[in-house]
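Below is model36.txt, holding compact mmCIF, C-alpha atoms and all ligand atoms.
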```txt
# COMPACT_ATOMS: atom_id res chain seq x y z
CA MET A 23 -109.06 133.50 24.03
CA ASN A 24 -111.36 131.33 21.91
CA ALA A 25 -111.49 133.00 18.52
CA PRO A 26 -114.87 132.84 16.81
CA ARG A 27 -114.93 130.47 13.86
CA TYR A 28 -116.04 133.14 11.39
CA PRO A 29 -115.26 136.84 11.35
CA ARG A 30 -118.04 139.03 12.68
CA ARG A 31 -120.35 140.28 9.96
CA PRO A 32 -119.88 144.05 9.51
CA THR A 33 -122.90 146.07 10.62
CA ARG A 34 -123.65 149.73 11.11
CA GLN A 35 -123.44 150.99 14.65
CA ILE A 36 -126.26 152.54 16.64
CA VAL A 37 -126.16 153.75 20.21
CA VAL A 38 -128.77 152.82 22.82
CA GLY A 39 -128.38 155.31 25.66
CA LYS A 40 -124.61 155.18 26.04
CA VAL A 41 -124.25 151.58 24.85
CA PRO A 42 -123.09 151.07 21.25
CA VAL A 43 -124.63 148.16 19.34
CA GLY A 44 -123.22 146.85 16.06
CA GLY A 45 -120.04 147.69 14.18
CA ASP A 46 -117.04 146.84 16.33
CA ALA A 47 -118.88 147.30 19.64
CA PRO A 48 -118.77 144.36 22.06
CA ILE A 49 -121.79 142.07 21.70
CA THR A 50 -124.26 143.10 24.38
CA VAL A 51 -126.59 141.20 26.69
CA GLN A 52 -130.24 142.17 27.01
CA SER A 53 -133.07 141.06 29.22
CA MET A 54 -136.55 142.19 30.10
CA THR A 55 -138.18 143.09 33.41
CA ILE A 56 -141.21 141.06 34.48
CA THR A 57 -142.58 143.58 36.97
CA LYS A 58 -145.42 145.98 36.17
CA THR A 59 -143.60 148.99 34.76
CA ALA A 60 -145.91 151.23 36.82
CA ASP A 61 -144.28 149.68 39.92
CA VAL A 62 -141.27 151.97 39.79
CA GLU A 63 -139.37 150.71 42.84
CA GLY A 64 -139.96 147.03 42.04
CA THR A 65 -138.88 147.53 38.44
CA LEU A 66 -135.74 149.44 39.45
CA GLN A 67 -134.79 146.71 41.90
CA GLN A 68 -135.03 144.17 39.11
CA ILE A 69 -133.04 146.39 36.74
CA TYR A 70 -130.23 146.73 39.30
CA ALA A 71 -130.17 142.94 39.79
CA LEU A 72 -130.04 142.45 36.02
CA ALA A 73 -127.22 144.96 35.59
CA SER A 74 -125.12 143.26 38.24
CA ALA A 75 -125.72 139.89 36.56
CA GLY A 76 -124.26 141.20 33.29
CA CYS A 77 -127.19 142.83 31.50
CA ASP A 78 -126.16 145.78 29.29
CA ILE A 79 -129.58 146.94 28.03
CA VAL A 80 -132.97 146.24 29.59
CA ARG A 81 -136.45 146.23 28.09
CA CYS A 82 -139.60 147.17 30.00
CA THR A 83 -143.10 146.79 28.70
CA CYS A 84 -144.99 149.99 27.92
CA ASN A 85 -148.49 148.67 27.50
CA GLU A 86 -150.54 151.35 29.27
CA ILE A 87 -150.28 154.97 30.23
CA GLU A 88 -149.32 154.09 33.82
CA ALA A 89 -146.34 152.16 32.41
CA ALA A 90 -145.21 155.20 30.41
CA GLU A 91 -145.52 157.33 33.54
CA GLY A 92 -143.47 154.74 35.43
CA LEU A 93 -140.79 154.90 32.72
CA ALA A 94 -140.48 158.65 33.22
CA GLN A 95 -139.32 157.90 36.78
CA ILE A 96 -137.35 154.74 36.01
CA VAL A 97 -135.21 156.06 33.13
CA PRO A 98 -133.26 158.71 35.10
CA ARG A 99 -132.50 156.22 37.92
CA SER A 100 -131.59 153.20 35.81
CA PRO A 101 -127.91 152.12 35.65
CA ILE A 102 -128.41 150.76 32.10
CA PRO A 103 -130.34 151.97 29.03
CA ILE A 104 -134.07 151.29 28.88
CA VAL A 105 -135.90 150.05 25.81
CA ALA A 106 -139.71 150.30 25.82
CA ASP A 107 -141.53 147.27 24.46
CA ILE A 108 -144.53 148.33 22.38
CA HIS A 109 -147.35 146.10 21.18
CA HIS A 110 -150.53 147.12 19.35
CA GLN A 111 -150.75 150.73 20.55
CA TYR A 112 -148.46 153.07 18.63
CA LYS A 113 -149.43 155.87 21.03
CA MET A 114 -147.57 154.01 23.78
CA ALA A 115 -144.40 154.38 21.66
CA LEU A 116 -144.93 158.13 21.55
CA ALA A 117 -145.57 158.19 25.32
CA ALA A 118 -142.45 156.11 26.02
CA MET A 119 -140.31 158.50 23.99
CA GLU A 120 -141.78 161.38 25.95
CA ALA A 121 -140.78 159.47 29.11
CA GLY A 122 -137.17 159.54 27.90
CA VAL A 123 -136.51 155.90 26.96
CA HIS A 124 -133.29 155.13 25.11
CA GLY A 125 -134.86 152.80 22.58
CA LEU A 126 -138.09 151.23 21.37
CA ARG A 127 -139.03 147.77 20.27
CA LEU A 128 -141.89 147.53 17.75
CA ASN A 129 -143.47 144.31 16.58
CA PRO A 130 -144.43 144.71 12.91
CA GLY A 131 -146.95 141.89 13.39
CA ASN A 132 -149.12 143.98 15.65
CA ILE A 133 -148.61 147.63 14.68
CA ARG A 134 -149.51 147.42 11.03
CA ARG A 135 -150.96 150.73 9.88
CA PRO A 136 -148.26 152.49 7.83
CA GLU A 137 -149.28 155.94 9.12
CA HIS A 138 -148.82 154.76 12.71
CA ILE A 139 -145.44 153.19 11.99
CA LYS A 140 -144.27 156.32 10.21
CA ALA A 141 -145.54 158.59 13.01
CA VAL A 142 -143.43 156.64 15.51
CA ALA A 143 -140.37 156.57 13.24
CA SER A 144 -140.60 160.33 12.57
CA GLU A 145 -140.69 161.08 16.27
CA ALA A 146 -137.80 158.66 16.90
CA ARG A 147 -135.81 160.29 14.09
CA ASP A 148 -136.29 163.76 15.63
CA ARG A 149 -135.31 162.50 19.07
CA LYS A 150 -132.51 160.21 17.74
CA ILE A 151 -133.98 157.19 19.51
CA PRO A 152 -133.18 153.80 17.93
CA ILE A 153 -135.93 151.29 17.22
CA ARG A 154 -135.71 147.52 17.12
CA ILE A 155 -137.90 145.92 14.52
CA GLY A 156 -138.83 142.82 16.49
CA VAL A 157 -140.35 140.27 14.15
CA ASN A 158 -141.72 137.29 16.04
CA GLY A 159 -142.60 133.98 14.38
CA GLY A 160 -145.60 133.62 16.68
CA SER A 161 -147.13 136.99 15.79
CA LEU A 162 -146.33 137.33 12.12
CA ASP A 163 -148.48 139.68 10.02
CA PRO A 164 -151.40 137.44 8.89
CA GLU A 165 -151.02 138.68 5.33
CA LEU A 166 -147.45 137.39 5.17
CA TYR A 167 -148.49 134.18 6.87
CA ASP A 168 -151.03 133.60 4.07
CA LYS A 169 -148.61 134.66 1.36
CA TYR A 170 -146.14 131.98 2.45
CA GLY A 171 -148.66 129.16 2.41
CA GLY A 172 -150.07 129.43 5.94
CA LYS A 173 -146.66 128.81 7.47
CA VAL A 174 -144.09 130.81 9.34
CA THR A 175 -141.02 130.64 7.12
CA PRO A 176 -137.63 132.39 7.29
CA GLU A 177 -138.56 134.22 4.07
CA ALA A 178 -141.80 135.53 5.58
CA MET A 179 -140.00 136.77 8.70
CA VAL A 180 -137.32 138.51 6.65
CA GLU A 181 -139.96 140.10 4.41
CA SER A 182 -141.78 141.40 7.49
CA ALA A 183 -138.58 143.10 8.67
CA LEU A 184 -137.82 144.54 5.23
CA ARG A 185 -141.32 145.99 4.92
CA GLU A 186 -140.89 147.78 8.22
CA ILE A 187 -137.49 149.10 7.16
CA ALA A 188 -139.12 150.48 3.98
CA TYR A 189 -141.65 152.43 6.06
CA PHE A 190 -138.81 153.80 8.17
CA GLN A 191 -136.87 154.78 5.06
CA GLU A 192 -139.85 156.78 3.80
CA VAL A 193 -139.43 159.11 6.76
CA ASP A 194 -135.65 158.99 6.58
CA PHE A 195 -135.13 157.01 9.77
CA ASP A 196 -132.31 154.49 10.00
CA LEU A 197 -131.40 154.02 13.68
CA ILE A 198 -132.55 150.44 13.39
CA LYS A 199 -131.75 147.06 14.81
CA ILE A 200 -133.65 143.96 13.82
CA SER A 201 -134.65 140.62 15.28
CA VAL A 202 -136.42 137.68 13.62
CA LYS A 203 -137.04 135.42 16.59
CA ALA A 204 -138.90 132.13 16.63
CA SER A 205 -139.19 129.38 19.22
CA ASN A 206 -138.11 126.85 16.60
CA VAL A 207 -134.30 126.89 16.57
CA PRO A 208 -133.59 125.83 12.94
CA LEU A 209 -136.24 128.32 11.75
CA MET A 210 -134.76 131.26 13.63
CA VAL A 211 -131.20 130.35 12.64
CA GLU A 212 -132.19 130.31 8.97
CA ALA A 213 -134.19 133.55 9.28
CA TYR A 214 -131.18 135.36 10.76
CA ARG A 215 -128.85 133.91 8.13
CA GLN A 216 -131.11 135.18 5.35
CA LEU A 217 -131.59 138.54 7.05
CA SER A 218 -127.85 139.03 7.46
CA GLU A 219 -127.46 138.61 3.69
CA VAL A 220 -129.83 141.47 2.86
CA THR A 221 -129.19 144.10 5.52
CA ASP A 222 -126.29 145.61 7.42
CA HIS A 223 -128.40 146.90 10.29
CA PRO A 224 -127.28 145.43 13.63
CA LEU A 225 -129.09 142.25 14.65
CA HIS A 226 -130.59 141.36 18.01
CA VAL A 227 -130.48 137.56 18.28
CA GLY A 228 -132.64 135.27 20.36
CA VAL A 229 -134.85 132.20 20.50
CA THR A 230 -138.25 133.43 21.61
CA GLU A 231 -140.28 131.59 24.25
CA ALA A 232 -137.43 129.14 24.82
CA GLY A 233 -139.18 127.93 27.99
CA PRO A 234 -137.93 127.06 31.47
CA PRO A 235 -134.35 125.91 32.16
CA PRO A 236 -132.64 123.59 31.53
CA ALA A 237 -134.39 122.87 28.19
CA GLY A 238 -134.88 126.61 27.56
CA LEU A 239 -131.20 127.29 28.15
CA VAL A 240 -130.22 124.54 25.74
CA LYS A 241 -132.58 125.79 23.02
CA ALA A 242 -131.53 129.40 23.38
CA THR A 243 -127.84 128.49 23.43
CA ALA A 244 -128.22 126.27 20.37
CA GLY A 245 -129.72 129.12 18.35
CA ILE A 246 -127.71 132.06 19.64
CA ALA A 247 -124.32 130.33 19.73
CA THR A 248 -124.74 128.90 16.23
CA LEU A 249 -125.30 132.38 14.84
CA LEU A 250 -122.59 134.08 16.90
CA LEU A 251 -120.03 131.54 15.71
CA GLU A 252 -121.06 132.40 12.15
CA GLY A 253 -120.35 136.05 12.94
CA ILE A 254 -124.05 136.96 13.05
CA GLY A 255 -125.44 138.97 15.97
CA ASP A 256 -124.66 142.24 17.73
CA THR A 257 -126.80 141.91 20.83
CA ILE A 258 -128.49 138.87 22.39
CA ARG A 259 -131.28 137.86 24.72
CA TYR A 260 -132.11 134.57 26.39
CA SER A 261 -135.93 134.40 26.63
CA LEU A 262 -136.38 132.05 29.56
CA THR A 263 -139.40 131.21 31.67
CA ALA A 264 -137.41 132.06 34.78
CA ASP A 265 -136.17 134.93 36.89
CA PRO A 266 -134.78 137.37 34.29
CA VAL A 267 -131.52 137.49 36.26
CA GLU A 268 -130.94 133.97 34.92
CA GLU A 269 -131.35 135.32 31.39
CA ALA A 270 -128.74 138.00 31.95
CA ARG A 271 -126.35 135.56 33.60
CA ALA A 272 -126.74 133.05 30.77
CA GLY A 273 -126.21 135.71 28.12
CA ARG A 274 -123.07 136.95 29.76
CA GLN A 275 -121.75 133.43 30.33
CA LEU A 276 -122.33 132.49 26.70
CA LEU A 277 -120.42 135.52 25.43
CA GLU A 278 -117.57 134.80 27.83
CA ALA A 279 -117.52 131.11 26.90
CA LEU A 280 -117.26 132.02 23.21
CA GLY A 281 -114.47 134.49 23.94
CA LEU A 282 -116.65 137.38 22.76
CA ARG A 283 -116.65 139.28 26.06
CA GLU A 284 -113.98 139.53 28.68
CA ARG A 285 -114.55 137.29 31.68
CA LYS A 286 -115.90 139.21 34.67
CA LYS A 287 -116.65 136.46 37.14
CA VAL A 288 -115.33 133.06 38.07
CA ASP A 289 -115.55 130.44 35.34
CA LEU A 290 -116.01 127.32 37.44
CA ILE A 291 -115.05 124.09 35.77
CA ALA A 292 -115.35 120.69 37.43
CA CYS A 293 -114.51 117.14 36.45
CA PRO A 294 -117.40 114.82 35.61
CA SER A 295 -116.35 112.54 38.48
CA CYS A 296 -115.58 108.84 38.17
CA GLY A 297 -114.63 105.84 40.27
CA ARG A 298 -111.55 107.72 41.50
CA ALA A 299 -113.50 110.61 43.02
CA GLU A 300 -112.64 111.20 46.66
CA ILE A 301 -115.44 113.71 47.22
CA ASP A 302 -118.96 114.41 46.03
CA VAL A 303 -117.83 116.61 43.12
CA ILE A 304 -121.36 117.86 42.36
CA ASP A 305 -121.85 119.03 45.95
CA VAL A 306 -118.44 120.70 46.26
CA ALA A 307 -118.79 122.39 42.84
CA LYS A 308 -122.22 123.70 43.81
CA ARG A 309 -120.98 125.00 47.15
CA ALA A 310 -118.07 126.69 45.37
CA MET A 311 -120.47 128.28 42.83
CA ASP A 312 -122.58 129.61 45.70
CA ALA A 313 -119.54 130.89 47.57
CA PHE A 314 -118.24 132.80 44.54
CA GLY A 315 -121.75 134.04 43.71
CA ASP A 316 -121.60 137.23 41.66
CA ARG A 317 -118.12 138.22 42.91
CA LYS A 318 -116.10 139.88 40.20
CA ILE A 319 -113.13 137.50 40.11
CA PRO A 320 -112.31 136.79 36.44
CA LEU A 321 -110.46 133.49 36.97
CA GLN A 322 -111.01 129.94 35.81
CA VAL A 323 -111.34 127.78 38.92
CA ALA A 324 -111.44 123.98 38.89
CA VAL A 325 -113.01 121.50 41.29
CA MET A 326 -111.56 118.04 40.67
CA GLY A 327 -112.56 114.76 42.24
CA CYS A 328 -109.10 113.32 42.82
CA VAL A 329 -105.51 114.37 43.19
CA VAL A 330 -104.38 111.45 41.00
CA ASN A 331 -105.45 113.15 37.77
CA GLY A 332 -107.10 116.42 38.82
CA PRO A 333 -104.18 118.86 38.76
CA GLY A 334 -103.04 117.53 35.38
CA GLU A 335 -106.51 117.44 33.81
CA ALA A 336 -107.16 121.02 34.91
CA ARG A 337 -103.68 122.41 34.37
CA GLU A 338 -105.06 125.24 32.21
CA ALA A 339 -107.18 126.57 35.10
CA ASP A 340 -105.86 129.55 37.05
CA LEU A 341 -106.58 127.75 40.28
CA GLY A 342 -108.09 124.48 41.37
CA ILE A 343 -108.59 122.02 44.14
CA ALA A 344 -108.44 118.24 44.03
CA ALA A 345 -109.44 115.80 46.72
CA GLY A 346 -107.33 112.98 48.11
CA ASN A 347 -107.00 111.13 51.39
CA LYS A 348 -109.52 113.44 53.16
CA ARG A 349 -107.50 116.48 52.13
CA GLY A 350 -107.90 119.21 49.55
CA HIS A 351 -104.89 119.82 47.32
CA LEU A 352 -104.82 123.32 45.93
CA PHE A 353 -103.06 123.87 42.64
CA VAL A 354 -102.21 126.93 40.58
CA LYS A 355 -101.65 126.41 36.86
CA GLY A 356 -101.24 122.67 37.50
CA ARG A 357 -98.66 123.07 40.34
CA ASN A 358 -99.63 122.00 43.87
CA VAL A 359 -99.40 124.94 46.26
CA ALA A 360 -101.15 123.98 49.51
CA VAL A 361 -102.96 121.24 51.38
CA VAL A 362 -106.10 121.89 53.46
CA PRO A 363 -108.55 119.64 55.35
CA GLU A 364 -111.35 118.36 53.09
CA SER A 365 -113.94 120.31 55.12
CA GLU A 366 -112.16 123.60 54.26
CA MET A 367 -111.80 123.07 50.51
CA VAL A 368 -114.37 125.65 49.42
CA GLU A 369 -113.21 128.37 51.83
CA ALA A 370 -109.59 127.81 50.76
CA LEU A 371 -110.56 128.01 47.10
CA VAL A 372 -112.27 131.36 47.60
CA GLU A 373 -109.36 132.72 49.68
CA TRP A 374 -106.77 131.73 47.06
CA ALA A 375 -108.92 133.07 44.23
CA GLU A 376 -109.20 136.42 45.97
CA PHE A 377 -105.44 136.47 46.57
CA ILE A 378 -104.62 135.66 42.93
CA HIS A 379 -107.12 138.22 41.67
CA GLU A 380 -105.56 140.88 43.86
CA HIS A 381 -101.85 140.00 43.68
CA GLY A 382 -101.40 137.76 40.63
CA THR A 383 -100.28 134.19 40.01
CA GLU A 384 -96.60 134.83 40.70
CA ALA A 385 -97.32 136.26 44.14
CA ALA A 386 -99.48 133.21 44.86
CA MET A 387 -96.66 130.86 43.88
CA ALA A 388 -94.23 132.91 45.97
CA ARG A 389 -96.34 132.57 49.11
CA ALA A 390 -96.75 128.83 48.59
CA ASP A 391 -94.46 126.10 49.80
CA VAL A 392 -94.63 124.34 46.43
CA GLU A 393 -92.10 121.65 47.32
CA LYS A 394 -93.98 120.61 50.43
CA ALA A 395 -97.37 120.74 48.67
CA GLU A 396 -96.09 118.60 45.79
CA ARG A 397 -94.59 116.12 48.21
CA GLU A 398 -97.92 115.81 50.05
CA ALA A 399 -99.83 115.49 46.76
CA ALA A 400 -97.43 112.78 45.57
CA LYS A 401 -97.95 110.92 48.84
CA ASP A 402 -101.76 111.00 48.54
CA ARG A 403 -101.59 110.19 44.84
CA SER A 404 -99.52 107.07 45.40
CA MET A 405 -101.67 106.06 48.37
CA LEU A 406 -104.76 106.27 46.14
CA LEU A 407 -103.07 104.44 43.30
CA ASP A 408 -102.14 101.66 45.70
CA ALA A 409 -105.73 101.50 47.00
CA LYS A 410 -107.55 101.69 43.66
CA GLY A 411 -104.87 100.75 41.15
CA ASP A 412 -104.78 102.10 37.60
CA ASP A 413 -108.34 101.08 36.86
CA ALA A 414 -110.48 102.83 39.46
CA ASN A 415 -113.68 102.25 37.48
CA ASN A 416 -113.05 98.49 37.32
CA SER A 417 -113.48 98.65 33.54
CA THR A 418 -111.12 95.75 32.96
CA ASP A 419 -113.15 93.45 35.24
CA LYS A 420 -116.37 94.55 33.55
CA ILE A 421 -114.98 93.88 30.09
CA VAL A 422 -113.87 90.39 31.17
CA GLU A 423 -117.41 89.75 32.51
CA ILE A 424 -119.06 91.08 29.30
CA ARG A 425 -116.86 88.78 27.20
CA ARG A 426 -117.59 85.82 29.50
CA ARG A 427 -121.37 86.30 29.25
CA SER A 428 -121.40 86.82 25.50
CA SER A 429 -119.13 83.90 24.67
S1 LIG B 501 -109.87 110.86 37.39
FE1 LIG B 501 -110.17 112.24 39.17
S2 LIG B 501 -110.23 114.26 38.25
FE2 LIG B 501 -110.60 112.84 36.56
S3 LIG B 501 -112.81 112.54 36.44
FE3 LIG B 501 -112.09 110.97 37.84
S4 LIG B 501 -112.26 111.90 39.87
FE4 LIG B 501 -112.36 113.56 38.41
```
Output the file's structure in the form of structure tokens.
Amino acid sequence: MNAPRYPRRPTRQIVVGKVPVGGDAPITVQSMTITKTADVEGTLQQIYALASAGCDIVRCTCNEIEAAEGLAQIVPRSPIPIVADIHHQYKMALAAMEAGVHGLRLNPGNIRRPEHIKAVASEARDRKIPIRIGVNGGSLDPELYDKYGGKVTPEAMVESALREIAYFQEVDFDLIKISVKASNVPLMVEAYRQLSEVTDHPLHVGVTEAGPPPAGLVKATAGIATLLLEGIGDTIRYSLTADPVEEARAGRQLLEALGLRERKKVDLIACPSCGRAEIDVIDVAKRAMDAFGDRKIPLQVAVMGCVVNGPGEAREADLGIAAGNKRGHLFVKGRNVAVVPESEMVEALVEWAEFIHEHGTEAAMARADVEKAEREAAKDRSMLLDAKGDDANNSTDKIVEIRRRSS
């Protein structure tokens, strides 16, 4: 388990549907549907796909009356809580609550009349529906924008959130979570840091409009992971220009990678490949990823390019395979357990992973002929060492050549 660097910042807990957010609740993954909410079947299909990819809470836009009517049919059939996303029209918030949503998201930048904000908060208070105050750097209240010198600053974003909280307090409503997202990573990181100093409401963390992968994934990870490792954040969303299932998957993978959520699926690791590689590591790793898909096998599985160093380099993995002499050498916790033809490496990996998941590592070792497998691995290892020597990348020759040319 990778312990976070800093203890998690204490926050109050709210409950969205049946999912707790904040306090000691696990950090949750959110995403948003991109269907028309009025398209009930299409939206539900997407929600089911998101839930199976690791999404805990989903947001659907509620921008028109047809969307609110769609929500009335979606909410009772959804496997995860639904948050209605409200922009500009406070009446859509009232309609969404009538439809039975489990939470609302309001953007203080575009619902600005205090009487409208308080009308929504009063209704939410009576129905015990939490609201996220979703400040967005790109749609900051123009008055705050001017006040802070025509710039979006962390201070302006925090002030926007605090103003909204003050309206909520006037009507005695405190089922709040807050986000201060921006597409600029250092800006959003600083805004969340400042916000976490002045409030103990749970925080929803994200980099807004991060863009398409891979750059969007990198940006979102940079912002979200930085904050999580500082103990800031109770729920997260990757905002990618991609199928939202990718957002949910990325969110879940990040939490698992940081040791903040238990692993549910295979964590596939692979060596970067080098002059020793006996297979196309990228291709085999990709085929293995596809073969495991969304199967719920919470193991770390390694794909290694050679049997010379692979089993040792990946000895922490639950299971792995390394190539050598046209054969795949399976290993469990660094010990060789079986040899299969190279063409069957991926199938064997999946079969062993399923066996270990079902029966445990000891049972896997017991069914293996470890002695024979280690003998075969040693044979292929020494054959490869004889063929390529200790310096498979020919670094020594290259260094000699560099020195010769520069002398
Ligand atoms: S030595 Fe083998 S396991 Fe390590 S990077 Fe090279 S091919 Fe992969």
Go through chain A and flag each residue having an atom no more than 10 Å from ligand LIG 501 (chain B); for those, report the closest pair of atoms plus their distance in Å to one decimal, using all atoms listed in the file, ordered by chain and rising number, as JSON lines.
```
{"residue": "A:Ala292", "atom": "CA", "partner": "B:LIG501", "partner_atom": "FE4", "distance": 7.8}
{"residue": "A:Cys293", "atom": "CA", "partner": "B:LIG501", "partner_atom": "FE4", "distance": 4.6}
{"residue": "A:Pro294", "atom": "CA", "partner": "B:LIG501", "partner_atom": "S3", "distance": 5.2}
{"residue": "A:Ser295", "atom": "CA", "partner": "B:LIG501", "partner_atom": "S3", "distance": 4.1}
{"residue": "A:Cys296", "atom": "CA", "partner": "B:LIG501", "partner_atom": "FE3", "distance": 4.1}
{"residue": "A:Gly297", "atom": "CA", "partner": "B:LIG501", "partner_atom": "FE3", "distance": 6.2}
{"residue": "A:Arg298", "atom": "CA", "partner": "B:LIG501", "partner_atom": "S4", "distance": 4.5}
{"residue": "A:Ala299", "atom": "CA", "partner": "B:LIG501", "partner_atom": "S4", "distance": 3.6}
{"residue": "A:Glu300", "atom": "CA", "partner": "B:LIG501", "partner_atom": "S4", "distance": 6.8}
{"residue": "A:Ile301", "atom": "CA", "partner": "B:LIG501", "partner_atom": "S4", "distance": 8.2}
{"residue": "A:Asp302", "atom": "CA", "partner": "B:LIG501", "partner_atom": "S4", "distance": 9.4}
{"residue": "A:Val303", "atom": "CA", "partner": "B:LIG501", "partner_atom": "FE4", "distance": 7.8}
{"residue": "A:Ala324", "atom": "CA", "partner": "B:LIG501", "partner_atom": "S2", "distance": 9.8}
{"residue": "A:Val325", "atom": "CA", "partner": "B:LIG501", "partner_atom": "S2", "distance": 8.3}
{"residue": "A:Met326", "atom": "CA", "partner": "B:LIG501", "partner_atom": "S2", "distance": 4.7}
{"residue": "A:Gly327", "atom": "CA", "partner": "B:LIG501", "partner_atom": "S4", "distance": 3.7}
{"residue": "A:Cys328", "atom": "CA", "partner": "B:LIG501", "partner_atom": "FE1", "distance": 4.0}
{"residue": "A:Val329", "atom": "CA", "partner": "B:LIG501", "partner_atom": "FE1", "distance": 6.5}
{"residue": "A:Val330", "atom": "CA", "partner": "B:LIG501", "partner_atom": "FE1", "distance": 6.1}
{"residue": "A:Asn331", "atom": "CA", "partner": "B:LIG501", "partner_atom": "S2", "distance": 4.9}
{"residue": "A:Gly332", "atom": "CA", "partner": "B:LIG501", "partner_atom": "S2", "distance": 3.8}
{"residue": "A:Pro333", "atom": "CA", "partner": "B:LIG501", "partner_atom": "S2", "distance": 7.6}
{"residue": "A:Gly334", "atom": "CA", "partner": "B:LIG501", "partner_atom": "S2", "distance": 8.4}
{"residue": "A:Glu335", "atom": "CA", "partner": "B:LIG501", "partner_atom": "S2", "distance": 6.6}
{"residue": "A:Ala336", "atom": "CA", "partner": "B:LIG501", "partner_atom": "S2", "distance": 8.1}
{"residue": "A:Ile343", "atom": "CA", "partner": "B:LIG501", "partner_atom": "S2", "distance": 9.9}
{"residue": "A:Ala344", "atom": "CA", "partner": "B:LIG501", "partner_atom": "S2", "distance": 7.2}
{"residue": "A:Ala345", "atom": "CA", "partner": "B:LIG501", "partner_atom": "S4", "distance": 8.4}
{"residue": "A:Gly346", "atom": "CA", "partner": "B:LIG501", "partner_atom": "FE1", "distance": 9.4}
{"residue": "A:Asp413", "atom": "CA", "partner": "B:LIG501", "partner_atom": "S1", "distance": 9.9}
{"residue": "A:Ala414", "atom": "CA", "partner": "B:LIG501", "partner_atom": "S1", "distance": 8.3}
{"residue": "A:Asn415", "atom": "CA", "partner": "B:LIG501", "partner_atom": "FE3", "distance": 8.9}
```
Checklist entry - In file coordinates, which residues lie within 6 Å of (-136.8, 127.7, 19.7) using only C-alpha atoms, given as a PyMOL selection string? => result chain A and resi 204-207+229+232+241
How about saving the chosen residues, C-alpha atoms kept, as an mmCIF file, in the frame of the given file?
```cif
data_model
loop_
_atom_site.group_PDB
_atom_site.id
_atom_site.type_symbol
_atom_site.label_atom_id
_atom_site.label_comp_id
_atom_site.auth_asym_id
_atom_site.auth_seq_id
_atom_site.Cartn_x
_atom_site.Cartn_y
_atom_site.Cartn_z
ATOM 1 C CA ALA A 204 -138.900 132.130 16.630
ATOM 2 C CA SER A 205 -139.190 129.380 19.220
ATOM 3 C CA ASN A 206 -138.110 126.850 16.600
ATOM 4 C CA VAL A 207 -134.300 126.890 16.570
ATOM 5 C CA VAL A 229 -134.850 132.200 20.500
ATOM 6 C CA ALA A 232 -137.430 129.140 24.820
ATOM 7 C CA LYS A 241 -132.580 125.790 23.020
#
```
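From CA of Tyr214 (chain A) back to CA of Lys199 (chain A), the distance works out to 12.4 Å.
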Next on the checklist: Considering only C-alpha atoms, can you say which of A:Ala390, A:Ala409, A:Cys77, A:Ile69 comes closest to Arg99 (chain A)?
Outcome noted: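 Ranked by minimum distance to Arg99 (chain A), first place goes to A:Ile69.
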Checklist entry - In Å, how far is it from CA of Ser100 (chain A) to CA of Asn158 (chain A)? => result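 Between these atoms lies a distance of 27.3 Å.
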